[in-house]
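S.K.: Provided below: input-v6.tsv, containing TSV, C-alpha atoms.
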```
chain	number	residue	atom	x	y	z
A	3	MET	CA	24.89	18.19	7.44
A	4	ILE	CA	25.60	16.92	3.96
A	5	ARG	CA	27.81	13.88	4.39
A	6	LEU	CA	28.85	11.25	1.97
A	7	ARG	CA	26.80	8.54	3.68
A	8	ASN	CA	23.53	10.36	4.25
A	9	HIS	CA	23.42	12.74	1.30
A	10	PRO	CA	20.19	12.07	-0.63
A	11	PHE	CA	22.07	12.08	-3.94
A	12	PRO	CA	25.81	11.32	-3.59
A	13	PHE	CA	26.20	11.82	-7.34
A	14	LEU	CA	25.15	15.48	-7.01
A	15	LEU	CA	27.59	15.95	-4.14
A	16	TYR	CA	30.39	14.57	-6.31
A	17	LEU	CA	29.28	16.89	-9.12
A	18	GLU	CA	29.44	19.93	-6.83
A	19	TRP	CA	32.93	19.00	-5.70
A	20	ALA	CA	34.03	18.46	-9.30
A	21	LEU	CA	32.69	21.86	-10.39
A	22	LEU	CA	34.37	23.64	-7.49
A	23	PHE	CA	37.61	21.78	-8.19
A	24	VAL	CA	37.50	22.81	-11.86
A	25	ALA	CA	36.78	26.37	-10.78
A	26	LEU	CA	39.88	26.23	-8.57
A	27	LEU	CA	41.95	24.92	-11.48
A	28	THR	CA	40.88	27.88	-13.61
A	29	GLU	CA	42.47	30.15	-11.04
A	30	LEU	CA	45.75	28.29	-11.43
A	31	LEU	CA	45.84	28.67	-15.20
A	32	PRO	CA	48.02	31.44	-16.59
A	33	SER	CA	46.54	34.50	-18.25
A	34	PRO	CA	47.99	37.23	-20.45
A	35	ARG	CA	48.24	39.58	-17.47
A	36	ARG	CA	49.44	37.41	-14.56
A	37	ALA	CA	51.92	34.75	-13.66
A	38	PHE	CA	51.05	31.11	-13.06
A	39	LEU	CA	50.92	31.37	-9.27
A	40	GLU	CA	49.35	34.79	-9.03
A	41	LEU	CA	46.16	33.66	-7.32
A	42	SER	CA	43.09	35.82	-6.74
A	43	PRO	CA	42.22	35.87	-3.01
A	44	VAL	CA	38.62	36.83	-3.77
A	45	SER	CA	38.19	33.83	-6.07
A	46	ILE	CA	39.73	31.43	-3.57
A	47	LEU	CA	37.53	32.77	-0.78
A	48	SER	CA	34.44	32.46	-3.00
A	49	ILE	CA	35.19	28.82	-3.75
A	50	ALA	CA	35.84	28.13	-0.06
A	51	ALA	CA	32.61	29.86	0.94
A	52	PHE	CA	30.59	27.75	-1.52
A	53	LEU	CA	32.26	24.60	-0.27
A	54	ILE	CA	31.43	25.46	3.37
A	55	LEU	CA	27.82	26.37	2.50
A	56	GLY	CA	27.42	22.96	0.92
A	57	LEU	CA	28.12	21.24	4.24
A	58	ARG	CA	24.67	22.18	5.57
A	59	LEU	CA	21.35	22.65	3.81
A	60	PRO	CA	18.49	24.50	5.51
A	61	THR	CA	15.12	22.86	6.13
A	62	LYS	CA	12.77	25.81	6.72
A	63	THR	CA	11.38	27.85	3.84
A	64	VAL	CA	12.67	31.23	5.04
A	65	ALA	CA	16.12	29.79	5.64
A	66	LYS	CA	16.11	28.22	2.15
A	67	VAL	CA	15.34	31.57	0.52
A	68	PHE	CA	18.02	33.35	2.58
A	69	TYR	CA	20.52	30.57	1.81
A	70	THR	CA	19.95	30.91	-1.95
A	71	ALA	CA	20.10	34.72	-1.80
A	72	LEU	CA	23.40	34.48	0.10
A	73	GLU	CA	24.88	32.36	-2.68
A	74	PHE	CA	23.76	34.89	-5.29
A	75	GLY	CA	25.28	37.64	-3.18
A	76	LEU	CA	28.62	35.83	-2.89
A	77	ILE	CA	28.83	35.51	-6.67
A	78	ILE	CA	28.07	39.20	-7.26
A	79	ILE	CA	30.47	40.35	-4.54
A	80	ALA	CA	33.27	38.13	-5.86
A	81	THR	CA	32.98	39.42	-9.41
A	82	SER	CA	32.64	43.00	-8.18
A	83	LEU	CA	35.76	42.94	-6.00
A	84	ASP	CA	37.96	41.21	-8.56
A	85	TYR	CA	37.08	41.15	-12.26
A	86	ARG	CA	39.24	38.05	-12.68
A	87	SER	CA	36.59	36.08	-10.78
A	88	ILE	CA	34.54	36.10	-13.97
A	89	ARG	CA	36.01	32.67	-14.65
A	90	LEU	CA	34.04	31.34	-11.67
A	91	LEU	CA	30.62	32.51	-12.90
A	92	PRO	CA	29.46	29.37	-14.75
A	93	PHE	CA	30.75	26.96	-12.10
A	94	LEU	CA	29.32	28.79	-9.10
A	95	TYR	CA	25.97	29.32	-10.80
A	96	LEU	CA	25.76	25.62	-11.66
A	97	VAL	CA	26.51	24.64	-8.06
A	98	LEU	CA	23.84	27.12	-6.91
A	99	VAL	CA	21.23	25.61	-9.24
A	100	ILE	CA	22.10	22.04	-8.16
A	101	ARG	CA	21.66	22.92	-4.48
A	102	SER	CA	18.42	24.79	-5.12
A	103	SER	CA	17.03	21.61	-6.68
A	104	LEU	CA	17.35	19.94	-3.27
A	105	LEU	CA	15.67	22.85	-1.51
A	106	PHE	CA	12.68	23.86	-3.64
A	107	PRO	CA	9.89	22.18	-5.61
A	108	LEU	CA	9.82	22.28	-9.41
A	109	SER	CA	8.47	25.83	-9.63
A	110	GLY	CA	11.16	27.08	-7.23
A	111	ARG	CA	13.90	25.24	-9.15
A	112	LEU	CA	12.81	26.81	-12.43
A	113	LEU	CA	12.68	30.26	-10.83
A	114	VAL	CA	16.20	29.92	-9.38
A	115	ALA	CA	17.54	28.61	-12.72
A	116	THR	CA	15.96	31.52	-14.60
A	117	VAL	CA	17.39	34.08	-12.16
A	118	ALA	CA	20.80	32.36	-12.34
A	119	PHE	CA	20.89	32.49	-16.15
A	120	THR	CA	19.69	36.11	-16.24
A	121	SER	CA	22.24	37.11	-13.62
A	122	PHE	CA	25.01	35.28	-15.49
A	123	PHE	CA	24.09	36.94	-18.78
A	124	PHE	CA	23.94	40.53	-17.49
A	125	ARG	CA	26.89	40.09	-15.14
A	126	LEU	CA	29.08	38.71	-17.94
A	127	PHE	CA	28.28	41.44	-20.44
A	128	TYR	CA	28.55	44.15	-17.79
A	129	LEU	CA	32.07	43.04	-16.85
A	130	VAL	CA	33.14	42.71	-20.46
A	131	ASN	CA	31.81	46.06	-21.62
A	132	ASN	CA	32.47	48.21	-18.56
A	133	VAL	CA	35.31	46.71	-16.53
A	134	PHE	CA	37.78	44.96	-18.82
A	135	PRO	CA	40.05	47.16	-20.91
A	136	LYS	CA	39.43	46.56	-24.57
A	137	GLN	CA	43.10	46.06	-25.36
A	138	PHE	CA	42.98	42.98	-23.15
A	139	PHE	CA	40.73	41.29	-25.71
A	140	LEU	CA	42.02	42.72	-28.99
A	141	VAL	CA	44.97	41.82	-31.05
A	142	GLN	CA	47.27	44.58	-29.91
A	143	LEU	CA	49.44	44.67	-32.98
A	144	LEU	CA	46.57	45.20	-35.37
A	145	ILE	CA	45.07	47.99	-33.26
A	146	ASP	CA	48.42	49.81	-32.94
A	147	GLY	CA	48.85	49.50	-36.67
A	148	GLY	CA	45.78	51.67	-37.11
A	149	CYS	CA	43.63	49.13	-38.91
A	150	PRO	CA	39.98	49.89	-38.04
A	151	LEU	CA	38.78	46.94	-40.08
A	152	ALA	CA	40.90	44.50	-38.06
A	153	GLN	CA	39.72	46.06	-34.81
A	154	GLU	CA	36.08	45.74	-35.89
A	155	LEU	CA	36.65	42.13	-36.96
A	156	VAL	CA	38.23	41.18	-33.62
A	157	GLU	CA	35.45	42.86	-31.64
A	158	GLU	CA	32.83	41.05	-33.73
A	159	ARG	CA	34.48	37.68	-33.09
A	160	PHE	CA	34.82	38.46	-29.42
A	161	ASN	CA	31.13	39.35	-29.09
A	162	SER	CA	30.23	36.18	-31.00
A	163	SER	CA	32.30	34.17	-28.53
A	164	LEU	CA	30.43	35.72	-25.62
A	165	ILE	CA	27.09	34.83	-27.21
A	166	ASN	CA	28.24	31.26	-27.81
A	167	LEU	CA	29.43	31.04	-24.20
A	168	THR	CA	26.02	32.25	-23.02
A	169	PHE	CA	24.16	29.67	-25.09
A	170	LEU	CA	26.54	26.95	-23.95
A	171	PHE	CA	25.88	27.89	-20.33
A	172	ALA	CA	22.12	27.78	-21.01
A	173	LEU	CA	22.40	24.27	-22.48
A	174	VAL	CA	24.47	23.05	-19.55
A	175	LEU	CA	21.97	24.61	-17.15
A	176	ILE	CA	19.07	22.84	-18.87
A	177	PHE	CA	20.97	19.54	-18.80
A	178	VAL	CA	21.63	19.92	-15.07
A	179	LEU	CA	17.96	20.69	-14.40
A	180	LEU	CA	16.81	17.65	-16.37
A	181	LEU	CA	19.35	15.45	-14.62
A	182	VAL	CA	18.35	16.63	-11.15
A	183	ASN	CA	14.64	16.34	-11.95
A	184	ALA	CA	15.17	12.77	-13.16
A	185	LEU	CA	17.02	11.90	-9.94
A	186	LEU	CA	14.32	13.50	-7.81
A	187	LYS	CA	11.55	11.64	-9.65
A	188	GLU	CA	13.44	8.39	-9.20
A	189	ARG	CA	13.81	9.10	-5.49
A	190	GLN	CA	10.10	9.93	-5.20
A	191	SER	CA	9.23	6.69	-7.01
A	192	GLN	CA	11.43	4.73	-4.60
A	193	GLU	CA	9.80	6.42	-1.62
A	194	LYS	CA	6.32	5.68	-2.98
A	195	LEU	CA	7.37	2.09	-3.60
A	196	THR	CA	8.67	1.84	-0.03
A	197	VAL	CA	5.38	3.22	1.31
A	198	ALA	CA	3.42	0.85	-0.93
A	199	LEU	CA	5.46	-2.12	0.30
A	200	ALA	CA	4.89	-1.05	3.90
A	201	GLN	CA	1.14	-0.79	3.24
A	202	LEU	CA	1.21	-4.17	1.51
A	203	ARG	CA	2.87	-5.72	4.55
A	204	ASP	CA	0.27	-4.07	6.77
A	205	TYR	CA	-2.54	-5.38	4.58
A	206	ALA	CA	-0.98	-8.85	4.63
A	207	LEU	CA	-0.92	-8.79	8.44
A	208	ARG	CA	-4.53	-7.64	8.53
A	209	ILE	CA	-5.57	-10.38	6.12
A	210	GLU	CA	-3.71	-12.91	8.25
A	211	ASP	CA	-5.53	-11.67	11.35
A	212	LEU	CA	-8.88	-11.81	9.55
A	213	ALA	CA	-8.11	-15.29	8.26
A	214	THR	CA	-7.21	-16.40	11.79
A	215	LEU	CA	-10.44	-14.91	13.15
A	216	GLU	CA	-12.46	-16.54	10.38
A	217	GLU	CA	-10.85	-19.89	11.07
A	218	ARG	CA	-11.66	-19.53	14.78
A	219	ASN	CA	-15.27	-18.73	13.95
A	220	ARG	CA	-15.43	-21.67	11.58
A	221	ILE	CA	-14.11	-24.08	14.19
A	222	ALA	CA	-16.53	-22.63	16.75
A	223	ARG	CA	-19.43	-23.18	14.33
A	224	GLU	CA	-18.25	-26.73	13.63
A	225	ILE	CA	-18.19	-27.57	17.33
A	226	HIS	CA	-21.49	-25.84	18.00
A	227	ASP	CA	-23.34	-27.36	15.05
A	228	SER	CA	-22.04	-30.92	15.22
A	229	LEU	CA	-21.33	-31.58	18.89
A	230	GLY	CA	-24.16	-29.31	20.05
A	231	HIS	CA	-26.65	-31.21	17.92
A	232	PHE	CA	-25.81	-34.59	19.45
A	233	LEU	CA	-25.53	-33.27	23.00
A	234	THR	CA	-28.97	-31.72	22.69
A	235	GLY	CA	-30.43	-35.05	21.63
A	236	LEU	CA	-28.48	-36.80	24.38
A	237	ASN	CA	-29.91	-34.43	26.98
A	238	ILE	CA	-33.47	-35.00	25.75
A	239	GLN	CA	-33.05	-38.77	25.85
A	240	LEU	CA	-31.66	-38.68	29.39
A	241	GLU	CA	-34.44	-36.41	30.63
A	242	THR	CA	-37.06	-38.72	29.20
A	243	ALA	CA	-35.33	-41.74	30.71
A	244	LEU	CA	-35.31	-40.08	34.12
A	245	LYS	CA	-39.03	-39.40	33.89
A	246	LEU	CA	-39.83	-42.98	32.90
A	247	GLN	CA	-37.38	-44.91	35.09
A	248	LYS	CA	-39.92	-45.51	37.89
A	249	THR	CA	-43.16	-45.88	35.98
A	250	LYS	CA	-41.95	-47.46	32.76
A	251	PRO	CA	-38.45	-48.83	33.29
A	252	GLU	CA	-38.51	-50.77	30.00
A	253	GLN	CA	-39.05	-47.61	27.95
A	254	ALA	CA	-36.53	-45.75	30.11
A	255	GLN	CA	-34.01	-48.42	29.19
A	256	ILE	CA	-34.72	-47.79	25.51
A	257	PHE	CA	-34.12	-44.06	25.93
A	258	LEU	CA	-30.92	-44.74	27.87
A	259	GLN	CA	-29.70	-46.96	25.08
A	260	GLU	CA	-30.47	-44.23	22.58
A	261	ALA	CA	-28.64	-41.75	24.82
A	262	LYS	CA	-25.65	-44.06	24.80
A	263	ASN	CA	-25.78	-44.18	21.02
A	264	MET	CA	-25.96	-40.42	20.83
A	265	GLY	CA	-22.98	-40.15	23.16
A	266	SER	CA	-21.07	-42.36	20.77
A	267	ASN	CA	-22.26	-40.23	17.88
A	268	ALA	CA	-21.14	-37.09	19.70
A	269	LEU	CA	-17.69	-38.58	20.14
A	270	GLN	CA	-17.64	-39.51	16.48
A	271	ALA	CA	-18.72	-35.97	15.58
A	272	VAL	CA	-15.79	-34.56	17.51
A	273	ARG	CA	-13.43	-36.86	15.66
A	274	GLN	CA	-14.97	-35.89	12.34
A	275	SER	CA	-14.63	-32.19	13.19
A	276	VAL	CA	-10.94	-32.70	13.87
A	277	ALA	CA	-10.58	-34.74	10.68
A	278	THR	CA	-12.35	-32.01	8.74
A	279	LEU	CA	-9.48	-29.68	9.49
A	280	ARG	CA	-7.12	-32.09	7.74
A	281	SER	CA	-9.13	-33.64	4.91
A	282	ASP	CA	-12.24	-33.34	2.76
A	283	PRO	CA	-15.24	-34.97	4.52
A	284	TRP	CA	-17.28	-34.97	1.30
A	285	LEU	CA	-15.08	-37.28	-0.75
A	286	GLU	CA	-17.44	-40.28	-0.40
A	287	LEU	CA	-20.59	-38.66	1.01
A	288	SER	CA	-23.33	-36.93	-0.98
A	289	LEU	CA	-25.36	-34.04	0.41
A	290	ALA	CA	-28.57	-36.08	0.23
A	291	ASP	CA	-27.01	-38.90	2.25
A	292	ALA	CA	-25.70	-36.45	4.84
A	293	ILE	CA	-29.14	-34.85	5.22
A	294	ALA	CA	-30.73	-38.30	5.48
A	295	SER	CA	-28.35	-39.12	8.34
A	296	LEU	CA	-29.36	-35.89	10.09
A	297	THR	CA	-33.08	-36.56	9.76
A	298	ASP	CA	-32.58	-40.11	10.99
A	299	HIS	CA	-30.99	-38.85	14.21
A	300	PHE	CA	-33.71	-36.21	14.48
A	301	THR	CA	-36.43	-38.84	14.14
A	302	ARG	CA	-34.92	-41.07	16.81
A	303	THR	CA	-34.72	-38.09	19.15
A	304	THR	CA	-38.13	-36.48	18.60
A	305	ASN	CA	-40.21	-39.22	16.92
A	306	ILE	CA	-40.86	-36.69	14.13
A	307	ILE	CA	-40.29	-37.79	10.56
A	308	PRO	CA	-39.31	-34.72	8.53
A	309	ASP	CA	-40.85	-34.24	5.10
A	310	CYS	CA	-37.79	-33.93	2.86
A	311	GLU	CA	-37.73	-32.73	-0.75
A	312	ILE	CA	-34.23	-32.62	-2.20
A	313	PHE	CA	-33.71	-31.62	-5.83
A	314	VAL	CA	-29.95	-31.36	-6.33
A	315	SER	CA	-28.70	-32.88	-9.56
A	316	GLN	CA	-25.48	-31.00	-10.27
A	317	SER	CA	-22.27	-31.19	-8.31
A	318	LEU	CA	-21.97	-28.49	-5.66
A	319	PRO	CA	-18.78	-26.95	-4.24
A	320	VAL	CA	-17.63	-28.68	-1.07
A	321	ASP	CA	-17.84	-25.51	1.00
A	322	VAL	CA	-21.43	-24.91	-0.10
A	323	LYS	CA	-22.44	-28.48	0.79
A	324	THR	CA	-20.82	-28.08	4.20
A	325	ALA	CA	-22.64	-24.79	4.81
A	326	ILE	CA	-26.04	-26.24	3.83
A	327	TYR	CA	-25.45	-29.32	5.97
A	328	ARG	CA	-24.53	-27.21	9.01
A	329	ILE	CA	-27.49	-24.88	8.53
A	330	ILE	CA	-29.94	-27.81	8.43
A	331	GLN	CA	-28.20	-29.40	11.39
A	332	GLU	CA	-28.47	-26.23	13.48
A	333	GLY	CA	-32.09	-25.74	12.45
A	334	LEU	CA	-33.03	-29.26	13.53
A	335	THR	CA	-31.13	-28.78	16.80
A	336	ASN	CA	-33.10	-25.61	17.54
A	337	ILE	CA	-36.37	-27.44	16.80
A	338	CYS	CA	-35.37	-30.16	19.28
A	339	LYS	CA	-34.53	-27.59	21.95
A	340	TYR	CA	-37.27	-25.03	21.65
A	341	ALA	CA	-39.93	-25.59	18.99
A	342	GLN	CA	-42.11	-28.37	20.49
A	343	ALA	CA	-43.13	-29.06	16.91
A	344	THR	CA	-44.99	-32.05	15.49
A	345	SER	CA	-44.18	-31.47	11.84
A	346	VAL	CA	-40.97	-30.45	10.00
A	347	LYS	CA	-40.44	-29.80	6.29
A	348	ILE	CA	-37.10	-29.58	4.52
A	349	LYS	CA	-36.90	-28.48	0.88
A	350	LEU	CA	-33.61	-28.10	-0.96
A	351	GLN	CA	-33.50	-27.14	-4.61
A	352	ALA	CA	-30.55	-26.24	-6.82
A	353	THR	CA	-30.59	-24.53	-10.21
A	354	GLU	CA	-27.78	-23.36	-12.43
A	355	SER	CA	-27.81	-19.93	-10.82
A	356	SER	CA	-28.78	-20.46	-7.18
A	357	LEU	CA	-29.40	-22.85	-4.32
A	358	SER	CA	-32.44	-22.44	-2.10
A	359	LEU	CA	-33.21	-24.12	1.22
A	360	THR	CA	-36.42	-23.99	3.23
A	361	LEU	CA	-36.66	-25.38	6.77
A	362	GLU	CA	-40.13	-25.07	8.30
A	363	ASP	CA	-41.81	-26.34	11.48
A	364	ASN	CA	-45.20	-25.90	13.17
A	365	GLY	CA	-43.80	-25.29	16.65
A	366	ARG	CA	-44.43	-22.52	19.11
A	367	GLY	CA	-42.37	-19.96	17.19
A	368	PHE	CA	-40.67	-16.83	18.49
A	369	ARG	CA	-39.96	-13.20	17.62
A	370	PRO	CA	-36.84	-13.02	15.40
A	371	GLU	CA	-36.21	-9.36	16.27
A	372	GLU	CA	-35.91	-10.29	19.95
A	373	ASN	CA	-33.50	-13.17	19.40
A	374	LEU	CA	-30.33	-11.38	18.31
A	375	THR	CA	-27.69	-12.97	20.53
A	376	GLY	CA	-28.12	-16.65	19.70
A	377	PHE	CA	-24.90	-18.14	18.44
A	378	GLY	CA	-26.74	-20.78	16.39
A	379	LEU	CA	-28.81	-18.35	14.30
A	380	GLN	CA	-25.81	-16.08	13.95
A	381	GLY	CA	-23.69	-18.98	12.69
A	382	MET	CA	-26.38	-19.97	10.17
A	383	ARG	CA	-26.52	-16.44	8.83
A	384	GLU	CA	-22.74	-16.18	8.64
A	385	ARG	CA	-22.54	-19.41	6.65
A	386	ALA	CA	-25.00	-18.10	4.07
A	387	MET	CA	-23.37	-14.66	3.85
A	388	ALA	CA	-19.94	-16.23	3.34
A	389	PHE	CA	-21.09	-17.22	-0.19
A	390	GLY	CA	-22.92	-13.99	-0.97
A	391	GLY	CA	-26.24	-15.46	0.08
A	392	ASN	CA	-28.84	-14.48	2.64
A	393	LEU	CA	-30.90	-16.09	5.39
A	394	ASN	CA	-34.42	-15.00	6.22
A	395	ILE	CA	-36.41	-16.00	9.31
A	396	GLU	CA	-40.23	-15.84	9.40
A	397	SER	CA	-41.72	-16.63	12.79
A	398	GLN	CA	-44.31	-15.48	15.27
A	399	PRO	CA	-45.26	-16.88	18.67
A	400	GLY	CA	-47.62	-19.81	18.14
A	401	ALA	CA	-47.17	-19.77	14.33
A	402	GLY	CA	-44.09	-21.93	13.87
A	403	CYS	CA	-40.89	-20.90	12.15
A	404	LYS	CA	-39.75	-20.80	8.51
A	405	ILE	CA	-36.09	-20.36	7.61
A	406	THR	CA	-35.23	-19.57	3.98
A	407	VAL	CA	-31.68	-19.60	2.62
A	408	LYS	CA	-30.58	-18.55	-0.86
A	409	ILE	CA	-27.03	-18.88	-2.14
A	410	PRO	CA	-25.95	-17.81	-5.65
A	411	LEU	CA	-24.02	-20.39	-7.65
A	412	THR	CA	-23.00	-18.30	-10.66
A	413	LYS	CA	-19.21	-18.20	-11.33
A	414	MET	CA	-18.62	-20.35	-8.25
A	415	PRO	CA	-15.83	-22.92	-8.61
A	416	LYS	CA	-16.82	-26.52	-8.28
```
Hey, can you dump this file as structure tokens for me?

M.R.:
Amino acid sequence: MIRLRNHPFPFLLYLEWALLFVALLTELLPSPRRAFLELSPVSILSIAAFLILGLRLPTKTVAKVFYTALEFGLIIIATSLDYRSIRLLPFLYLVLVIRSSLLFPLSGRLLVATVAFTSFFFRLFYLVNNVFPKQFFLVQLLIDGGCPLAQELVEERFNSSLINLTFLFALVLIFVLLLVNALLKERQSQEKLTVALAQLRDYALRIEDLATLEERNRIAREIHDSLGHFLTGLNIQLETALKLQKTKPEQAQIFLQEAKNMGSNALQAVRQSVATLRSDPWLELSLADAIASLTDHFTRTTNIIPDCEIFVSQSLPVDVKTAIYRIIQEGLTNICKYAQATSVKIKLQATESSLSLTLEDNGRGFRPEENLTGFGLQGMRERAMAFGGNLNIESQPGAGCKITVKIPLTKMPK
């Protein structure tokens, strides 16, 4: 149903009603051959039929073609049954073209408009030349006076008027087509914009979900790298103290004291992790100082003094410093847990274009291809990849382990 509220183009519906109303007014106008109220039933029925057809538009292709053909047939039948219905030709054809614009694509609209103009042209000239009596159009007094020149002049002017009417109808038809095409393009643009906005909202929700997931992973890495590091050292100190409590109670007491310190450090690490979510932990701490603090804890836990070479002169982005710190922290934690190493080397070097980190030990090693589920190694790799970098692990059983990290620094904000 075409209703005022859900019609796709209310303006076109108003235009159809206006055209049909004007067509009805033309039937009420007087003519040389009829009185003012001498209405043509065929014309009135044609207008009513067009008005009723406009209340429902078909949706299937076959029904659309039949619907348009029915409108053409109504126009031809109306003008065939009553020649006075010729006044309705331009109005009914315009309504037909407007409705076809809502039914067919551009090629179909142009085809219907072409057929409408051709039908109007031939139907008009057929009615004028074969149906209407000539004396209806000529100046009767001049013809009765026997003036062939006057008759020829009137016929010439009448034919000129018909040609002008045809061209005028063509211009109006073109204007209607352009108007409807502009409205349809505007509607298509609005629909595309609506779809684009819906996609944008969907993308925004996806980005929000990804951001939430990333934040969860980041918090998980923070807890694993910081708290896990201290708890690992705490566990080692307690195990050693248990082994020495009977044979060497003095040394066991030292390890217990160190375990207590590490417990305090673990608590402090938890507090720092929470504070990290609210503030910048690197405001007063350099990367070299942070690494020195890590190696100091590592030395107290394992009695191994790492060989550190740090060559970082320029200021690094906070996120990059955090990532490097956590990678070194996780690497030292893994050495404490599994490596059984006696020597550890840490080398950090920054250039204008990249940052490279090497963490190497002489422990028992492992097969990297068989260790795919460890959260620590996965977190280290994720931290490097977050900045477009990469992490490479070189290790074999009995040959130690070497972890190499490279992070590009070009076009990275400070």

S.K.: Between CA of Ala51 (chain A) and CA of Leu83 (chain A), what is the spacing in Å?

M.R.: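 One can read the CA of Leu83 (chain A) to CA of Ala51 (chain A) distance as 15.1 Å.
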
S.K.: Using only C-alpha atoms, find the one residue out of A:Tyr327, A:Phe171, A:Phe389, A:Phe124 that sits nearest to Leu361 (chain A).

M.R.: A:Tyr327

S.K.: Compare A:Ala200, A:Leu90, A:Leu181, A:Leu186 by their minimum atom-to-atom distance to Val24 (chain A), counting only C-alpha atoms, and give me the closest one.

M.R.: A:Leu90

S.K.: Quick one: residues within 9 Å of region 285-295 of chain A, only C-alpha atoms counted, chain neighbours fewer than 6 positions away excluded, as a list in words?

M.R.: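 In the requested form, the answer reads Cys310, Ile312, Val314, Leu318, Val320, Lys323, Thr324, Ile326, Tyr327, Ile330 and Gln331 of chain A.
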
S.K.: Mind checking which residues fall within 12 Å of Val174 (chain A), counting only C-alpha atoms, ignoring those fewer than 3 positions away in the same chain, and posting them as a PyMOL selection string?

M.R.: chain A and resi 92-93+95-97+99-100+115+119+167-171+177-181

S.K.: Pick out the closest residue to Gly367 (chain A) from this set: A:Trp19, A:Phe123, A:Tyr340, A:Phe68. Count all atoms listed in the file.

M.R.: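 With all atoms listed in the file as the atom set, the closest residue is A:Tyr340.
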
S.K.: Would you pick out the contacts of region 258-264 of chain A at 7 Å or less, using all atoms listed in the file, so that residues sharing its chain but fewer than 4 positions from it are not included, and give the list as a list in words?

M.R.: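 So, after excluding close chain neighbours, the residues are Phe232, Leu236, Gln239, Leu240, Ala243, Ala254 and Ala268 of chain A.
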
S.K.: May I ask for the distance between CA of Ile409 (chain A) and CA of Leu357 (chain A), given in Å to one decimal place?

M.R.: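 About the pair CA of Ile409 (chain A) and CA of Leu357 (chain A): they are 5.1 Å apart.
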
S.K.: CA of Thr335 (chain A) and CA of Gly378 (chain A) are how many Å apart?

M.R.: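 Atom-to-atom, CA of Thr335 (chain A) and CA of Gly378 (chain A) are spaced 9.1 Å apart.
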
S.K.: Go through A:Leu26, A:Ile176, A:Ala20, A:Leu359 and flag the residue nearest Thr116 (chain A), using only C-alpha atoms for the distances.

M.R.: A:Ile176

S.K.: Hey, which of A:Asn166, A:Asn267, A:Asn183, A:Thr196 ends up closest to Arg111 (chain A)? Count all atoms listed in the file.

M.R.: A:Asn183

S.K.: For each of A:Ala80, A:Leu98, A:Ala25, A:Gln380, take the minimum atom-to-atom distance to Leu59 (chain A), counting all atoms listed in the file, then give the residue where this is smallest.

M.R.: A:Leu98

S.K.: Using all atoms of region 119-128 of chain A that appear in the file, construct an axis-aligned enclosing box with 8 Å of padding on every side and provide its centre coordinates and edge lengths in Å, rounded to one decimal, as lines of an AutoDock Vina configuration file.

M.R.:
```
center_x = 24.4
center_y = 38.3
center_z = -17.0
size_x = 25.4
size_y = 27.7
size_z = 22.8
```

S.K.: Neighbours of Gln342 (chain A) within 12 Å (all atoms listed in the file; same-chain residues fewer than 6 positions away dropped), as a PyMOL selection string?

M.R.: chain A and resi 304-306+334-336+363-368+400-403

S.K.: Would you kindly identify which residues have an atom no farther than 8 Å from (28.5, 39.6, -10.4), using only C-alpha atoms and the file's own coordinates, and write them out as a tab-separated table (two decimals) with C-alpha atoms, in the frame of the given file?

M.R.:
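Now in point-v6.tsv:
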```
chain	number	residue	atom	x	y	z
A	77	ILE	CA	28.83	35.51	-6.67
A	78	ILE	CA	28.07	39.20	-7.26
A	79	ILE	CA	30.47	40.35	-4.54
A	80	ALA	CA	33.27	38.13	-5.86
A	81	THR	CA	32.98	39.42	-9.41
A	82	SER	CA	32.64	43.00	-8.18
A	88	ILE	CA	34.54	36.10	-13.97
A	91	LEU	CA	30.62	32.51	-12.90
A	121	SER	CA	22.24	37.11	-13.62
A	122	PHE	CA	25.01	35.28	-15.49
A	125	ARG	CA	26.89	40.09	-15.14
A	126	LEU	CA	29.08	38.71	-17.94
```

S.K.: Show which residues sit within 8 Å of Glu396 (chain A), as JSON, numbers by chain. Count all atoms listed in the file, and ignore same-chain residues fewer than 2 positions away.

M.R.: {"A": [370, 394, 398, 403, 404, 405]}
